[in-house]
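S.K.: Let me give you the structure first, and then I'll get to my questions.
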Amino acid sequence: MSLNPIATANHRSLTEIPIDVIATIAIRLDLCSLWNLLDTCSYLRYNLMPYRSIWRRIVVDLKYCDLSQFYAALRRLKDSNGLRRLIQEVCMDGNDDSMISPLIMLVKFPNLKRLSARYRRFNTDLKVDTKLLQEMLKSGQLQPNSLPLERMDIYHYYMAHEPHLDVFSRTLDRLSFNDHVQLDIKECGRARSTTDELIDALDNLNLMACTRIVATDARCCVCGYNFVKCWLCESNCPGCRSKRLPPLVNDKMNQSGTSNPTNKNPSTTSRADSDDTLSLDEFSFFE
């Protein structure tokens with residue numbers, strides 16, 4: 001009995017699909033799924049391995065593998081196959097697991113330019129990470145000015161105060177041979193007081209500054225204004241004067257495309273108290 005030609009045409013093997021099309025799909029896969037694809041057959045492995053664009057950026061996603069599978073996939077990026085030095089960007093956003101540290105990526109990939117480890121609420125600790133980086137510098141495991149690191153993202157919605165932000169930033173700057181490693185967080189810097197007159201006087205002196213953390217890409221869900229100050233120091237958006245929402249709610253509305261329905265009439269900006277900023281010395285902090 002002859003096969004239905006229409007049904008046969010709709011069931012093509014992977015080897016019949018143009019390799020460029022498969023490479024376009026492979027670029028969007030997480031690391032474990034990528035290796036699963038390459039292990040499907042020797043044809044895919046030998047034709048996709050030379051694609052530099054596939055290896056320029058890797059994604060860690062524990063929804064598609066467990067820790068042992070992830071580390072097995074990571075070990076396959078070696079000098080012997082030339083893959084380790086091709087990695088320029090690592091994204092591990094949302095993988096809030098204590099067994100995976102972004103510092104591993106700094107040691108593993110000598111040509112890493114961008115590292116994103118956002119939304120790791122329970123395992124982002126700048127004090128611990130700074131101490132580990134400085135110990136690796138002193139032991140020689142990492143060398144000063146040895147990485148092309150340009151940017152590191154570490155923001156999560158529950159960040160409040162980060163007294164170790166400055167020393168962490170300067171430690172990254174010492175690792176990179178670029179002038180400065182950009183972070184996706186900053187301190188609010190809003191002067192605080194009980195009266196507007198005292199605030200105006202202290203603005204110039206840079207005293208009593210608010211040290212709450214603000215994401216550098218935080219934008220108003222109504223008008224898209226890029227926020228400079230935290231939502232407590234600046235309760236209304238300077239762009240559209242709408243009432244600002246907490247960062248988590250604001251970002252969710254940005255992602256869904258929903259506008260802020262709250263009152264758009266400006267009110268007096270609330271200013272909450274904050275702990276004093278710590279004065280830190282870069283390499284004597286942990287001694």
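All residue names refer to the structure tokens as shown: chains lettered A, B, ... in order, residues numbered from 1 in each chain, ligands numbered from 1 in order.
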Please identify the helix (DSSP H, G or I) residues within segment 58-256 of chain A (assignment by DSSP from backbone atoms) and present them as a count of residues only.
M.R.: 62
S.K.: Mind checking which residues fall within 10 Å of Phe70 of chain A, counting only C-alpha atoms, ignoring those fewer than 4 positions away in the same chain, and posting them as a list in words?
M.R.: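 What passes the distance filter is Asp30, Leu31, Cys32, Ser33, Val60, Asp61, Leu62, Tyr64, Cys65, Asp66, Leu74, Arg75 and Ile100 of chain A.
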S.K.: Which polymer residues have any atom within 8 Å of an atom of segment 214-230 of chain A, counting only C-alpha atoms, with same-chain residues fewer than 4 positions away left out, as JSON, numbers by chain?
M.R.: {"A": [155, 184, 185, 186, 187, 188, 189, 190, 234, 237, 238, 239, 240, 242, 244, 247, 250, 251, 253, 254, 257, 258, 259, 260]}
S.K.: Pick from A:Met92, A:Ile87, A:Ala160, A:Leu133: nearest to Ser116 of chain A, with only C-alpha atoms counted?
M.R.: A:Met92
S.K.: DSSP on the backbone: which residues in segment 129-187 of chain A end up as strand (DSSP E)? Give the answer as number ranges by chain.
M.R.: A: 151-153, 182-183, 185-187
S.K.: From the options A:Asn178, A:Ser98, A:Gln134, A:Thr24, which residue's atoms come nearest to Pro148 of chain A, counting only C-alpha atoms?
M.R.: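 Checking each candidate against Pro148 of chain A, we get A:Asn178 as the closest.
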S.K.: Which residues are close to Asp125 of chain A, i.e. within 12 Å by only C-alpha atoms, leaving aside same-chain residues fewer than 2 positions away? Reply as an MDAnalysis selection string.
M.R.: chainID A and resid 96 98 101:103 117 120:123 127:132 154:156 159 161:165 168
S.K.: Please identify all polymer residues within 10 Å of Ser146 of chain A, counting only C-alpha atoms, omitting same-chain residues fewer than 2 positions from it, and present them as a PyMOL selection string.
M.R.: chain A and resi 110-111+142-144+148-149+174-178
S.K.: Take the residues just selected and output them with N, CA, C and O atoms as a PDB file, in the first residue's frame.
M.R.:
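The resulting file, again_6.pdb, is reproduced below:
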```pdb
ATOM      1  N   PRO A 110      36.865  33.113  30.138  1.00  0.00           N
ATOM      2  CA  PRO A 110      37.840  34.218  30.127  1.00  0.00           C
ATOM      3  C   PRO A 110      37.459  35.382  29.217  1.00  0.00           C
ATOM      4  O   PRO A 110      38.045  36.462  29.339  1.00  0.00           O
ATOM      5  N   ASN A 111      36.503  35.182  28.311  1.00  0.00           N
ATOM      6  CA  ASN A 111      36.103  36.253  27.395  1.00  0.00           C
ATOM      7  C   ASN A 111      34.691  36.776  27.698  1.00  0.00           C
ATOM      8  O   ASN A 111      34.041  37.355  26.823  1.00  0.00           O
ATOM      9  N   LEU A 142      41.982  34.512  40.112  1.00  0.00           N
ATOM     10  CA  LEU A 142      41.608  35.533  39.138  1.00  0.00           C
ATOM     11  C   LEU A 142      42.692  36.604  39.137  1.00  0.00           C
ATOM     12  O   LEU A 142      43.229  36.940  40.191  1.00  0.00           O
ATOM     13  N   GLN A 143      42.989  37.123  37.965  1.00  0.00           N
ATOM     14  CA  GLN A 143      44.023  38.134  37.837  1.00  0.00           C
ATOM     15  C   GLN A 143      43.410  39.511  37.619  1.00  0.00           C
ATOM     16  O   GLN A 143      42.388  39.635  36.936  1.00  0.00           O
ATOM     17  N   PRO A 144      44.010  40.555  38.184  1.00  0.00           N
ATOM     18  CA  PRO A 144      43.505  41.918  37.937  1.00  0.00           C
ATOM     19  C   PRO A 144      43.572  42.262  36.447  1.00  0.00           C
ATOM     20  O   PRO A 144      44.493  41.843  35.733  1.00  0.00           O
ATOM     21  N   PRO A 148      37.257  40.849  30.058  1.00  0.00           N
ATOM     22  CA  PRO A 148      36.650  41.930  29.259  1.00  0.00           C
ATOM     23  C   PRO A 148      35.258  42.316  29.754  1.00  0.00           C
ATOM     24  O   PRO A 148      34.455  42.850  28.999  1.00  0.00           O
ATOM     25  N   LEU A 149      34.958  42.036  31.021  1.00  0.00           N
ATOM     26  CA  LEU A 149      33.621  42.248  31.570  1.00  0.00           C
ATOM     27  C   LEU A 149      33.185  43.696  31.419  1.00  0.00           C
ATOM     28  O   LEU A 149      33.892  44.617  31.821  1.00  0.00           O
ATOM     29  N   ARG A 174      38.290  46.242  39.181  1.00  0.00           N
ATOM     30  CA  ARG A 174      39.675  45.771  39.260  1.00  0.00           C
ATOM     31  C   ARG A 174      39.869  44.488  38.455  1.00  0.00           C
ATOM     32  O   ARG A 174      40.943  44.235  37.907  1.00  0.00           O
ATOM     33  N   LEU A 175      38.818  43.676  38.352  1.00  0.00           N
ATOM     34  CA  LEU A 175      38.909  42.447  37.567  1.00  0.00           C
ATOM     35  C   LEU A 175      38.930  42.723  36.072  1.00  0.00           C
ATOM     36  O   LEU A 175      39.591  42.025  35.310  1.00  0.00           O
ATOM     37  N   SER A 176      38.173  43.720  35.648  1.00  0.00           N
ATOM     38  CA  SER A 176      37.994  43.995  34.219  1.00  0.00           C
ATOM     39  C   SER A 176      39.098  44.901  33.692  1.00  0.00           C
ATOM     40  O   SER A 176      39.600  45.773  34.398  1.00  0.00           O
ATOM     41  N   PHE A 177      39.453  44.685  32.418  1.00  0.00           N
ATOM     42  CA  PHE A 177      40.416  45.619  31.816  1.00  0.00           C
ATOM     43  C   PHE A 177      39.710  46.804  31.162  1.00  0.00           C
ATOM     44  O   PHE A 177      40.346  47.669  30.571  1.00  0.00           O
ATOM     45  N   ASN A 178      38.368  46.862  31.289  1.00  0.00           N
ATOM     46  CA  ASN A 178      37.630  48.057  30.885  1.00  0.00           C
ATOM     47  C   ASN A 178      37.659  49.078  32.015  1.00  0.00           C
ATOM     48  O   ASN A 178      37.948  48.757  33.170  1.00  0.00           O
TER      49      ASN A 178
END
```
S.K.: So which residues touch Leu183 of chain A within 7 Å, counting only C-alpha atoms, skipping near sequence neighbours fewer than 6 positions away, as a PyMOL selection string?
M.R.: chain A and resi 151-153
S.K.: Report, in Å with one decimal, the straight-line distance from atom CA of Met99 of chain A to atom CA of Asn145 of chain A.
M.R.: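 Here the two named atoms are 27.1 Å from each other.
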S.K.: At a cut-off of 12 Å, using only C-alpha atoms, what residues contact Leu37 of chain A? Leave out same-chain residues fewer than 2 positions from it and give the result as a PDB file with N, CA, C and O atoms, in the first residue's frame.
M.R.:
```pdb
ATOM      1  N   LEU A  14      14.886  16.097  11.007  1.00  0.00           N
ATOM      2  CA  LEU A  14      15.684  17.295  11.281  1.00  0.00           C
ATOM      3  C   LEU A  14      16.760  17.522  10.221  1.00  0.00           C
ATOM      4  O   LEU A  14      17.107  18.654   9.898  1.00  0.00           O
ATOM      5  N   ILE A  22      17.808  25.612  11.735  1.00  0.00           N
ATOM      6  CA  ILE A  22      18.033  24.944  13.021  1.00  0.00           C
ATOM      7  C   ILE A  22      18.950  25.791  13.905  1.00  0.00           C
ATOM      8  O   ILE A  22      18.747  25.885  15.122  1.00  0.00           O
ATOM      9  N   ALA A  23      19.944  26.431  13.311  1.00  0.00           N
ATOM     10  CA  ALA A  23      20.853  27.287  14.085  1.00  0.00           C
ATOM     11  C   ALA A  23      20.102  28.468  14.684  1.00  0.00           C
ATOM     12  O   ALA A  23      20.379  28.881  15.817  1.00  0.00           O
ATOM     13  N   ILE A  25      17.033  28.439  15.653  1.00  0.00           N
ATOM     14  CA  ILE A  25      16.301  27.893  16.801  1.00  0.00           C
ATOM     15  C   ILE A  25      17.259  27.626  17.956  1.00  0.00           C
ATOM     16  O   ILE A  25      16.963  27.919  19.115  1.00  0.00           O
ATOM     17  N   ALA A  26      18.432  27.090  17.643  1.00  0.00           N
ATOM     18  CA  ALA A  26      19.399  26.715  18.675  1.00  0.00           C
ATOM     19  C   ALA A  26      19.867  27.914  19.490  1.00  0.00           C
ATOM     20  O   ALA A  26      20.144  27.798  20.684  1.00  0.00           O
ATOM     21  N   ILE A  27      19.953  29.073  18.863  1.00  0.00           N
ATOM     22  CA  ILE A  27      20.388  30.288  19.556  1.00  0.00           C
ATOM     23  C   ILE A  27      19.457  30.617  20.713  1.00  0.00           C
ATOM     24  O   ILE A  27      19.882  31.194  21.723  1.00  0.00           O
ATOM     25  N   ARG A  28      18.193  30.231  20.610  1.00  0.00           N
ATOM     26  CA  ARG A  28      17.181  30.577  21.611  1.00  0.00           C
ATOM     27  C   ARG A  28      17.001  29.507  22.690  1.00  0.00           C
ATOM     28  O   ARG A  28      16.133  29.630  23.544  1.00  0.00           O
ATOM     29  N   LEU A  29      17.802  28.471  22.657  1.00  0.00           N
ATOM     30  CA  LEU A  29      17.679  27.395  23.627  1.00  0.00           C
ATOM     31  C   LEU A  29      18.565  27.639  24.844  1.00  0.00           C
ATOM     32  O   LEU A  29      19.604  28.286  24.750  1.00  0.00           O
ATOM     33  N   ASP A  30      18.144  27.099  25.998  1.00  0.00           N
ATOM     34  CA  ASP A  30      19.027  27.117  27.158  1.00  0.00           C
ATOM     35  C   ASP A  30      20.149  26.107  26.943  1.00  0.00           C
ATOM     36  O   ASP A  30      20.099  25.283  26.016  1.00  0.00           O
ATOM     37  N   LEU A  31      21.168  26.148  27.801  1.00  0.00           N
ATOM     38  CA  LEU A  31      22.370  25.350  27.577  1.00  0.00           C
ATOM     39  C   LEU A  31      22.082  23.849  27.543  1.00  0.00           C
ATOM     40  O   LEU A  31      22.577  23.136  26.657  1.00  0.00           O
ATOM     41  N   CYS A  32      21.291  23.360  28.487  1.00  0.00           N
ATOM     42  CA  CYS A  32      21.006  21.921  28.516  1.00  0.00           C
ATOM     43  C   CYS A  32      20.205  21.479  27.293  1.00  0.00           C
ATOM     44  O   CYS A  32      20.479  20.430  26.695  1.00  0.00           O
ATOM     45  N   SER A  33      19.213  22.276  26.915  1.00  0.00           N
ATOM     46  CA  SER A  33      18.408  21.932  25.733  1.00  0.00           C
ATOM     47  C   SER A  33      19.249  21.978  24.465  1.00  0.00           C
ATOM     48  O   SER A  33      19.041  21.195  23.539  1.00  0.00           O
ATOM     49  N   LEU A  34      20.212  22.902  24.438  1.00  0.00           N
ATOM     50  CA  LEU A  34      21.106  22.995  23.274  1.00  0.00           C
ATOM     51  C   LEU A  34      21.930  21.727  23.121  1.00  0.00           C
ATOM     52  O   LEU A  34      22.040  21.174  22.015  1.00  0.00           O
ATOM     53  N   TRP A  35      22.496  21.255  24.230  1.00  0.00           N
ATOM     54  CA  TRP A  35      23.273  20.020  24.141  1.00  0.00           C
ATOM     55  C   TRP A  35      22.384  18.826  23.803  1.00  0.00           C
ATOM     56  O   TRP A  35      22.811  17.907  23.087  1.00  0.00           O
ATOM     57  N   ASP A  39      23.076  16.369  20.681  1.00  0.00           N
ATOM     58  CA  ASP A  39      23.263  14.936  20.894  1.00  0.00           C
ATOM     59  C   ASP A  39      22.243  14.090  20.137  1.00  0.00           C
ATOM     60  O   ASP A  39      22.279  12.859  20.206  1.00  0.00           O
ATOM     61  N   THR A  40      21.330  14.742  19.421  1.00  0.00           N
ATOM     62  CA  THR A  40      20.317  13.999  18.657  1.00  0.00           C
ATOM     63  C   THR A  40      20.964  13.121  17.591  1.00  0.00           C
ATOM     64  O   THR A  40      20.601  11.963  17.407  1.00  0.00           O
ATOM     65  N   CYS A  41      21.943  13.700  16.888  1.00  0.00           N
ATOM     66  CA  CYS A  41      22.641  12.936  15.851  1.00  0.00           C
ATOM     67  C   CYS A  41      23.968  13.612  15.522  1.00  0.00           C
ATOM     68  O   CYS A  41      24.172  14.796  15.818  1.00  0.00           O
ATOM     69  N   SER A  42      24.851  12.882  14.911  1.00  0.00           N
ATOM     70  CA  SER A  42      26.174  13.417  14.558  1.00  0.00           C
ATOM     71  C   SER A  42      26.069  14.519  13.510  1.00  0.00           C
ATOM     72  O   SER A  42      26.893  15.436  13.481  1.00  0.00           O
ATOM     73  N   TYR A  43      25.053  14.445  12.661  1.00  0.00           N
ATOM     74  CA  TYR A  43      24.863  15.473  11.636  1.00  0.00           C
ATOM     75  C   TYR A  43      24.683  16.846  12.277  1.00  0.00           C
ATOM     76  O   TYR A  43      25.322  17.837  11.878  1.00  0.00           O
ATOM     77  N   LEU A  44      23.804  16.935  13.278  1.00  0.00           N
ATOM     78  CA  LEU A  44      23.572  18.214  13.942  1.00  0.00           C
ATOM     79  C   LEU A  44      24.794  18.651  14.735  1.00  0.00           C
ATOM     80  O   LEU A  44      25.149  19.836  14.750  1.00  0.00           O
ATOM     81  N   ARG A  45      25.438  17.711  15.396  1.00  0.00           N
ATOM     82  CA  ARG A  45      26.593  18.067  16.216  1.00  0.00           C
ATOM     83  C   ARG A  45      27.705  18.676  15.364  1.00  0.00           C
ATOM     84  O   ARG A  45      28.244  19.730  15.690  1.00  0.00           O
ATOM     85  N   TYR A  46      28.042  18.056  14.280  1.00  0.00           N
ATOM     86  CA  TYR A  46      29.167  18.515  13.472  1.00  0.00           C
ATOM     87  C   TYR A  46      28.824  19.729  12.618  1.00  0.00           C
ATOM     88  O   TYR A  46      29.715  20.462  12.192  1.00  0.00           O
ATOM     89  N   ASN A  47      27.545  19.964  12.368  1.00  0.00           N
ATOM     90  CA  ASN A  47      27.168  21.130  11.578  1.00  0.00           C
ATOM     91  C   ASN A  47      26.847  22.356  12.432  1.00  0.00           C
ATOM     92  O   ASN A  47      26.967  23.484  11.950  1.00  0.00           O
ATOM     93  N   LEU A  48      26.430  22.138  13.697  1.00  0.00           N
ATOM     94  CA  LEU A  48      26.095  23.272  14.557  1.00  0.00           C
ATOM     95  C   LEU A  48      27.252  23.727  15.433  1.00  0.00           C
ATOM     96  O   LEU A  48      27.313  24.895  15.824  1.00  0.00           O
ATOM     97  N   MET A  49      28.148  22.825  15.753  1.00  0.00           N
ATOM     98  CA  MET A  49      29.278  23.200  16.619  1.00  0.00           C
ATOM     99  C   MET A  49      30.085  24.379  16.072  1.00  0.00           C
ATOM    100  O   MET A  49      30.517  25.240  16.838  1.00  0.00           O
TER     101      MET A  49
END
```
